[in-house]
>>> print(open('data-v7.txt').read())   # compact mmCIF, C-alpha atoms and all ligand atoms
# COMPACT_ATOMS: atom_id res chain seq x y z
CA MET Y 17 122.58 65.08 109.66
CA THR Y 18 118.93 65.90 110.02
CA ALA Y 19 118.09 68.93 112.09
CA ARG Y 20 115.50 68.65 114.77
CA ILE Y 21 112.41 70.62 113.76
CA THR Y 22 110.66 72.10 116.77
CA LEU Y 23 107.52 74.18 117.14
CA VAL Y 24 106.82 76.75 119.80
CA ARG Y 25 103.93 79.08 120.22
CA GLY Y 26 105.27 82.53 121.02
CA ASP Y 27 107.08 85.66 119.97
CA ILE Y 28 110.09 85.27 117.70
CA THR Y 29 111.84 88.25 119.29
CA GLU Y 30 112.04 86.32 122.57
CA GLN Y 31 113.90 83.32 121.25
CA HIS Y 32 117.40 82.46 122.36
CA VAL Y 33 118.94 80.98 119.21
CA ASP Y 34 121.97 81.66 117.03
CA ALA Y 35 119.91 83.13 114.19
CA ILE Y 36 116.45 84.67 114.07
CA VAL Y 37 114.84 84.92 110.64
CA ASN Y 38 112.95 88.11 109.86
CA ALA Y 39 109.99 88.20 107.48
CA ALA Y 40 111.32 91.42 105.99
CA ASN Y 41 110.32 93.41 102.94
CA SER Y 42 112.58 94.23 100.04
CA SER Y 43 113.46 97.70 101.33
CA LEU Y 44 115.16 96.11 104.37
CA LEU Y 45 114.21 99.27 106.22
CA GLY Y 46 111.53 97.89 108.49
CA GLY Y 47 107.81 97.24 108.29
CA GLY Y 48 104.99 95.71 110.29
CA GLY Y 49 104.47 92.30 111.85
CA VAL Y 50 107.62 90.32 112.62
CA ASP Y 51 109.77 92.97 110.96
CA GLY Y 52 108.48 95.76 113.17
CA ALA Y 53 108.82 93.63 116.31
CA ILE Y 54 112.42 92.66 115.49
CA HIS Y 55 113.52 96.24 114.91
CA ARG Y 56 111.67 97.52 117.99
CA LYS Y 57 113.16 94.95 120.30
CA GLY Y 58 116.54 94.57 118.59
CA GLY Y 59 117.21 98.30 118.56
CA PRO Y 60 118.85 100.64 116.04
CA GLU Y 61 121.93 98.52 115.31
CA ILE Y 62 119.91 96.20 113.09
CA LEU Y 63 118.55 99.08 111.04
CA ALA Y 64 122.05 100.57 110.78
CA ASP Y 65 123.29 97.28 109.30
CA CYS Y 66 120.32 97.18 106.93
CA ARG Y 67 121.05 100.72 105.77
CA ALA Y 68 124.68 99.75 105.17
CA LEU Y 69 123.52 96.82 103.04
CA ARG Y 70 121.32 99.18 101.02
CA ALA Y 71 124.29 101.49 100.55
CA SER Y 72 126.50 98.65 99.28
CA HIS Y 73 125.46 95.36 97.68
CA TYR Y 74 121.72 95.81 97.93
CA GLY Y 75 121.17 99.22 96.37
CA LYS Y 76 117.81 98.14 94.98
CA GLY Y 77 116.87 96.19 98.09
CA LEU Y 78 116.65 92.45 98.66
CA SER Y 79 114.78 90.37 96.07
CA THR Y 80 111.91 88.11 96.98
CA GLY Y 81 113.12 84.65 98.02
CA LYS Y 82 116.61 85.83 98.97
CA ALA Y 83 118.20 86.19 102.42
CA VAL Y 84 120.90 88.31 104.03
CA ALA Y 85 122.25 88.54 107.58
CA THR Y 86 122.85 91.42 109.98
CA THR Y 87 123.65 91.77 113.65
CA ALA Y 88 120.89 90.82 116.07
CA GLY Y 89 121.35 94.00 118.11
CA ARG Y 90 119.80 93.57 121.52
CA LEU Y 91 117.98 90.36 120.68
CA ASP Y 92 119.14 87.22 122.45
CA ALA Y 93 120.68 85.88 119.23
CA LEU Y 94 123.86 86.34 117.23
CA HIS Y 95 122.33 87.15 113.86
CA VAL Y 96 119.14 88.24 112.21
CA ILE Y 97 118.63 86.76 108.77
CA HIS Y 98 116.32 88.92 106.68
CA THR Y 99 114.33 87.23 103.95
CA VAL Y 100 111.62 88.59 101.71
CA GLY Y 101 108.58 86.38 101.32
CA PRO Y 102 106.32 86.57 98.27
CA VAL Y 103 102.96 88.31 98.50
CA PHE Y 104 100.30 85.61 98.04
CA SER Y 105 98.64 85.63 94.64
CA LYS Y 106 95.63 83.68 93.42
CA GLU Y 107 96.67 84.19 89.81
CA GLU Y 108 100.27 83.06 90.07
CA ASP Y 109 101.89 80.18 91.94
CA ARG Y 110 104.67 81.72 94.00
CA SER Y 111 105.34 78.63 96.12
CA ASP Y 112 108.91 78.33 94.81
CA LEU Y 113 109.69 81.79 96.09
CA LEU Y 114 108.33 80.95 99.52
CA ALA Y 115 110.36 77.73 99.60
CA SER Y 116 113.38 79.73 98.50
CA CYS Y 117 113.05 81.97 101.59
CA TYR Y 118 113.48 78.94 103.85
CA ARG Y 119 116.27 77.43 101.75
CA GLU Y 120 118.23 80.67 101.38
CA SER Y 121 117.85 81.54 105.06
CA LEU Y 122 119.19 78.11 105.99
CA ARG Y 123 122.06 78.54 103.54
CA VAL Y 124 123.01 81.87 105.14
CA ALA Y 125 122.63 80.35 108.63
CA ARG Y 126 124.98 77.53 107.71
CA GLU Y 127 127.52 79.96 106.30
CA LEU Y 128 127.42 81.77 109.63
CA GLY Y 129 127.92 78.51 111.50
CA ALA Y 130 124.59 78.87 113.28
CA GLU Y 131 123.47 75.79 115.19
CA SER Y 132 119.96 76.97 115.95
CA VAL Y 133 117.62 78.98 113.75
CA ALA Y 134 114.17 80.39 114.53
CA PHE Y 135 111.69 81.03 111.71
CA PRO Y 136 108.35 82.79 111.68
CA ALA Y 137 105.61 81.60 109.33
CA ILE Y 138 106.91 83.67 106.43
CA SER Y 139 104.32 85.43 104.20
CA THR Y 140 101.34 84.29 106.29
CA GLY Y 141 100.69 87.71 107.83
CA ILE Y 142 100.55 90.96 105.88
CA TYR Y 143 101.53 89.07 102.70
CA GLY Y 144 98.36 87.00 102.86
CA TRP Y 145 99.58 83.43 102.33
CA PRO Y 146 97.03 80.84 103.59
CA MET Y 147 98.41 79.40 106.83
CA GLU Y 148 97.96 75.70 106.01
CA ASP Y 149 99.76 76.02 102.70
CA GLY Y 150 102.47 78.21 104.21
CA ALA Y 151 103.05 75.58 106.88
CA ARG Y 152 103.19 72.79 104.28
CA ILE Y 153 105.82 74.60 102.23
CA ALA Y 154 107.84 75.56 105.32
CA ILE Y 155 108.02 72.07 106.80
CA ARG Y 156 108.64 70.33 103.48
CA THR Y 157 111.40 72.72 102.47
CA VAL Y 158 113.24 72.49 105.78
CA ARG Y 159 112.97 68.69 105.72
CA GLU Y 160 114.49 68.58 102.25
CA ALA Y 161 117.25 71.13 102.86
CA ALA Y 162 120.90 70.40 103.56
CA ILE Y 163 121.21 71.44 107.14
CA ALA Y 164 124.50 70.60 108.93
CA PRO Y 165 125.80 72.16 111.20
CA ILE Y 166 122.35 73.35 112.20
CA ALA Y 167 121.00 71.19 115.00
CA GLU Y 168 117.63 72.85 115.56
CA VAL Y 169 115.21 74.62 113.26
CA ARG Y 170 112.50 76.16 115.41
CA PHE Y 171 109.26 77.51 114.03
CA VAL Y 172 107.85 80.21 116.25
CA LEU Y 173 104.13 80.51 115.75
CA PHE Y 174 102.32 83.53 116.99
CA ASP Y 175 98.88 82.07 117.59
CA GLU Y 176 97.16 78.75 118.15
CA ARG Y 177 95.93 78.48 114.58
CA ALA Y 178 99.43 78.83 113.18
CA TYR Y 179 100.77 76.39 115.74
CA GLN Y 180 98.12 73.81 114.83
CA ALA Y 181 98.78 74.21 111.11
CA PHE Y 182 102.48 73.53 111.59
CA ALA Y 183 101.84 70.66 114.02
CA GLU Y 184 99.58 69.06 111.42
CA GLN Y 185 102.33 69.21 108.78
CA LEU Y 186 105.03 67.98 111.11
CA GLY Y 187 102.91 64.91 111.81
P1 LIG C 201 104.69 88.68 106.02
O1 LIG C 201 104.76 90.13 105.57
O2 LIG C 201 105.81 87.83 105.46
O3 LIG C 201 103.34 88.09 105.82
P2 LIG C 201 104.24 89.16 108.87
O4 LIG C 201 105.28 89.65 109.83
O5 LIG C 201 103.10 90.07 108.58
O6 LIG C 201 105.05 88.72 107.57
O7 LIG C 201 103.62 87.80 109.41
C1 LIG C 201 104.24 86.54 109.31
C2 LIG C 201 103.66 85.64 110.40
O8 LIG C 201 104.29 85.95 111.64
C3 LIG C 201 102.17 85.79 110.64
O9 LIG C 201 101.62 84.49 110.83
C4 LIG C 201 102.07 86.60 111.92
O10 LIG C 201 100.92 86.29 112.69
C5 LIG C 201 103.31 86.15 112.66
N1 LIG C 201 103.88 87.12 113.63
C6 LIG C 201 103.68 88.45 113.76
N2 LIG C 201 104.43 88.94 114.77
C7 LIG C 201 105.15 87.90 115.27
C8 LIG C 201 106.10 87.74 116.32
N3 LIG C 201 106.49 88.78 117.08
N4 LIG C 201 106.64 86.50 116.53
C9 LIG C 201 106.28 85.45 115.78
N5 LIG C 201 105.38 85.52 114.78
C10 LIG C 201 104.82 86.73 114.53
>>> encode(input="data-v7.txt", output="structure tokens")
Amino acid sequence: MTARITLVRGDITEQHVDAIVNAANSSLLGGGGVDGAIHRKGGPEILADCRALRASHYGKGLSTGKAVATTAGRLDALHVIHTVGPVFSKEEDRSDLLASCYRESLRVARELGAESVAFPAISTGIYGWPMEDGARIAIRTVREAAIAPIAEVRFVLFDERAYQAFAEQLG
């Protein structure tokens, strides 16, 4: 089955989906951008789950390109899937790590039985990835991924430029 890929311009914390993906950092303890917004709006339960992960399997934090789920707290979703995007580098091609964020998040979503998943444009904010290339990697990776039972993969783009970049790639 191929999931429907949809694009919306908006705030990821306002999406009603089974799983919301967080552009987290490896500490799992919060940060700026999407991460800050998710913890602010989702409330302390998400951070409590993140702390529990740090105290158990993720003592050193979550590696770049990996994904792990927690509660969604007060968000209108069942789960938050935290993934750590790579910081953009001109010297080193880290595209595989960015693709891995999308693949691993989808793998976790499928394990959870999620039917709808919302993604931000991972790494394109504080981590500096050029938007057009980030959009290309995101759309290509989701198209190539094994998806069932996920019926909808929604990209939530914060501004018009991001929306246009994703629309261009979706064709
Ligand atoms: P990263 O550290 O992976 O770069 P950021 O959270 O800084 O993550 O940004 C990722 C992308 O998400 C950027 O394009 C940014 O503009 C966008 N963004 C920031 N806040 C939100 C939000 N509340 N909803 C959706 N997208 C957001």
>>> residues_near_ligand(input="data-v7.txt", ligand="ligand LIG 201 (chain C)", cutoff="8 Å", atoms="all atoms listed in the file", output="ChimeraX atom specification")
/Y:26-29,38-41,48-54,100-103,136-145,147,172-175,178
>>> write_last_selection(input="data-v7.txt", atoms="C-alpha atoms", output="CSV table (one decimal), keeping the file's coordinate frame")
chain,number,residue,atom,x,y,z
Y,26,GLY,CA,105.3,82.5,121.0
Y,27,ASP,CA,107.1,85.7,120.0
Y,28,ILE,CA,110.1,85.3,117.7
Y,29,THR,CA,111.8,88.2,119.3
Y,38,ASN,CA,113.0,88.1,109.9
Y,39,ALA,CA,110.0,88.2,107.5
Y,40,ALA,CA,111.3,91.4,106.0
Y,41,ASN,CA,110.3,93.4,102.9
Y,48,GLY,CA,105.0,95.7,110.3
Y,49,GLY,CA,104.5,92.3,111.8
Y,50,VAL,CA,107.6,90.3,112.6
Y,51,ASP,CA,109.8,93.0,111.0
Y,52,GLY,CA,108.5,95.8,113.2
Y,53,ALA,CA,108.8,93.6,116.3
Y,54,ILE,CA,112.4,92.7,115.5
Y,100,VAL,CA,111.6,88.6,101.7
Y,101,GLY,CA,108.6,86.4,101.3
Y,102,PRO,CA,106.3,86.6,98.3
Y,103,VAL,CA,103.0,88.3,98.5
Y,136,PRO,CA,108.4,82.8,111.7
Y,137,ALA,CA,105.6,81.6,109.3
Y,138,ILE,CA,106.9,83.7,106.4
Y,139,SER,CA,104.3,85.4,104.2
Y,140,THR,CA,101.3,84.3,106.3
Y,141,GLY,CA,100.7,87.7,107.8
Y,142,ILE,CA,100.6,91.0,105.9
Y,143,TYR,CA,101.5,89.1,102.7
Y,144,GLY,CA,98.4,87.0,102.9
Y,145,TRP,CA,99.6,83.4,102.3
Y,147,MET,CA,98.4,79.4,106.8
Y,172,VAL,CA,107.8,80.2,116.2
Y,173,LEU,CA,104.1,80.5,115.8
Y,174,PHE,CA,102.3,83.5,117.0
Y,175,ASP,CA,98.9,82.1,117.6
Y,178,ALA,CA,99.4,78.8,113.2
>>> atom_distance(input="data-v7.txt", atom1="atom CA of Y:Val158", atom2="atom CA of Y:Glu30")
21.8 Å
>>> closest_residue(input="data-v7.txt", among="Y:Val84, Y:Asp149, Y:Ala35, Y:Ile21", to="Y:Asp109", atoms="all atoms listed in the file")
Y:Asp149
>>> residues_near_point(input="data-v7.txt", point="(114.9, 66.8, 109.1)", cutoff="10 Å", atoms="all atoms listed in the file", output="JSON, numbers by chain")
{"Y": [17, 18, 19, 20, 21, 155, 156, 157, 158, 159, 160, 161, 162, 163, 167, 168, 169]}
>>> closest_residue(input="data-v7.txt", among="Y:Ile166, Y:Val124, Y:Leu114, Y:Val96", to="Y:Arg152", atoms="only C-alpha atoms")
Y:Leu114
>>> atom_distance(input="data-v7.txt", atom1="atom CA of Y:Lys106", atom2="atom CA of Y:Ala154")
18.9 Å
>>> atom_distance(input="data-v7.txt", atom1="atom CA of Y:Ser42", atom2="atom CA of Y:Ala130")
23.6 Å
>>> residues_around(input="data-v7.txt", residues="Y:His95", least_positions_apart="6", cutoff="9 Å", atoms="all atoms listed in the file", output="ChimeraX atom specification")
/Y:33-37,85-89,125,128,130
>>> closest_residue(input="data-v7.txt", among="Y:Gly187, Y:Leu63, Y:Pro146, Y:Arg170", to="Y:Ser105", atoms="only C-alpha atoms")
Y:Pro146
>>> closest_residue(input="data-v7.txt", among="Y:Phe104, Y:Arg56, Y:Leu94, Y:Glu61", to="Y:His32", atoms="only C-alpha atoms")
Y:Leu94
>>> residues_around(input="data-v7.txt", residues="Y:Cys66", least_positions_apart="4", cutoff="10 Å", atoms="all atoms listed in the file", output="number ranges by chain")
Y: 43-46, 60-62, 70-72, 74, 77, 84-87, 98
>>> residues_around(input="data-v7.txt", residues="Y:Pro165", least_positions_apart="4", cutoff="7 Å", atoms="all atoms listed in the file", output="list of chain:residue names")
Y:Arg126, Y:Gly129, Y:Glu131
>>> closest_residue(input="data-v7.txt", among="Y:Gly47, Y:Leu91, Y:Ala134, Y:Leu23", to="Y:Leu122", atoms="all atoms listed in the file")
Y:Ala134
>>> closest_residue(input="data-v7.txt", among="Y:Ala115, Y:Gln31, Y:Arg25, Y:Gly58", to="Y:Gln180", atoms="only C-alpha atoms")
Y:Arg25
>>> decode(input="data-v7.txt", residues="stretch 124-150 of chain Y", atoms="N, CA and C atoms", output="compact mmCIF listing (two decimals), in the first residue's frame")
# COMPACT_ATOMS: atom_id res chain seq x y z
N VAL Y 124 9.06 3.21 13.47
CA VAL Y 124 8.49 3.29 14.82
C VAL Y 124 6.97 3.50 14.73
N ALA Y 125 6.54 4.35 13.83
CA ALA Y 125 5.10 4.62 13.67
C ALA Y 125 4.35 3.35 13.30
N ARG Y 126 4.94 2.57 12.42
CA ARG Y 126 4.29 1.32 12.02
C ARG Y 126 4.23 0.35 13.18
N GLU Y 127 5.30 0.27 13.94
CA GLU Y 127 5.30 -0.60 15.13
C GLU Y 127 4.20 -0.22 16.10
N LEU Y 128 3.92 1.07 16.16
CA LEU Y 128 2.87 1.56 17.07
C LEU Y 128 1.47 1.39 16.47
N GLY Y 129 1.42 1.02 15.22
CA GLY Y 129 0.12 0.87 14.55
C GLY Y 129 -0.48 2.21 14.12
N ALA Y 130 0.35 3.23 14.04
CA ALA Y 130 -0.16 4.56 13.66
C ALA Y 130 -0.65 4.55 12.21
N GLU Y 131 -1.76 5.21 11.99
CA GLU Y 131 -2.30 5.30 10.62
C GLU Y 131 -2.06 6.66 10.00
N SER Y 132 -1.71 7.62 10.82
CA SER Y 132 -1.39 8.95 10.29
C SER Y 132 -0.20 9.51 11.06
N VAL Y 133 0.72 10.10 10.31
CA VAL Y 133 1.97 10.60 10.88
C VAL Y 133 2.24 11.99 10.34
N ALA Y 134 2.56 12.93 11.22
CA ALA Y 134 2.92 14.29 10.79
C ALA Y 134 4.40 14.53 11.02
N PHE Y 135 5.06 15.00 9.96
CA PHE Y 135 6.49 15.32 10.02
C PHE Y 135 6.73 16.82 9.85
N PRO Y 136 7.70 17.36 10.57
CA PRO Y 136 8.21 18.68 10.20
C PRO Y 136 9.32 18.50 9.17
N ALA Y 137 9.84 19.59 8.65
CA ALA Y 137 10.98 19.52 7.73
C ALA Y 137 12.25 19.40 8.58
N ILE Y 138 12.57 18.14 8.89
CA ILE Y 138 13.66 17.86 9.83
C ILE Y 138 14.99 18.48 9.35
N SER Y 139 15.72 19.03 10.28
CA SER Y 139 17.07 19.62 10.08
C SER Y 139 17.09 20.94 9.33
N THR Y 140 15.93 21.42 8.86
CA THR Y 140 15.96 22.64 8.03
C THR Y 140 15.87 23.93 8.84
N GLY Y 141 15.83 23.81 10.17
CA GLY Y 141 15.77 25.00 11.01
C GLY Y 141 17.13 25.29 11.62
N ILE Y 142 17.21 25.08 12.92
CA ILE Y 142 18.44 25.35 13.66
C ILE Y 142 19.61 24.54 13.09
N TYR Y 143 19.34 23.36 12.54
CA TYR Y 143 20.42 22.50 12.03
C TYR Y 143 20.88 22.85 10.61
N GLY Y 144 20.26 23.86 10.01
CA GLY Y 144 20.84 24.51 8.85
C GLY Y 144 20.76 23.82 7.50
N TRP Y 145 19.95 22.77 7.37
CA TRP Y 145 19.89 22.07 6.08
C TRP Y 145 19.15 22.94 5.06
N PRO Y 146 19.68 23.08 3.84
CA PRO Y 146 18.98 23.88 2.82
C PRO Y 146 17.59 23.28 2.54
N MET Y 147 16.58 24.14 2.52
CA MET Y 147 15.20 23.68 2.45
C MET Y 147 14.92 22.80 1.23
N GLU Y 148 15.41 23.21 0.05
CA GLU Y 148 15.08 22.45 -1.16
C GLU Y 148 15.63 21.03 -1.07
N ASP Y 149 16.85 20.92 -0.58
CA ASP Y 149 17.46 19.60 -0.47
C ASP Y 149 16.80 18.78 0.63
N GLY Y 150 16.44 19.43 1.72
CA GLY Y 150 15.74 18.74 2.80
C GLY Y 150 14.40 18.20 2.33
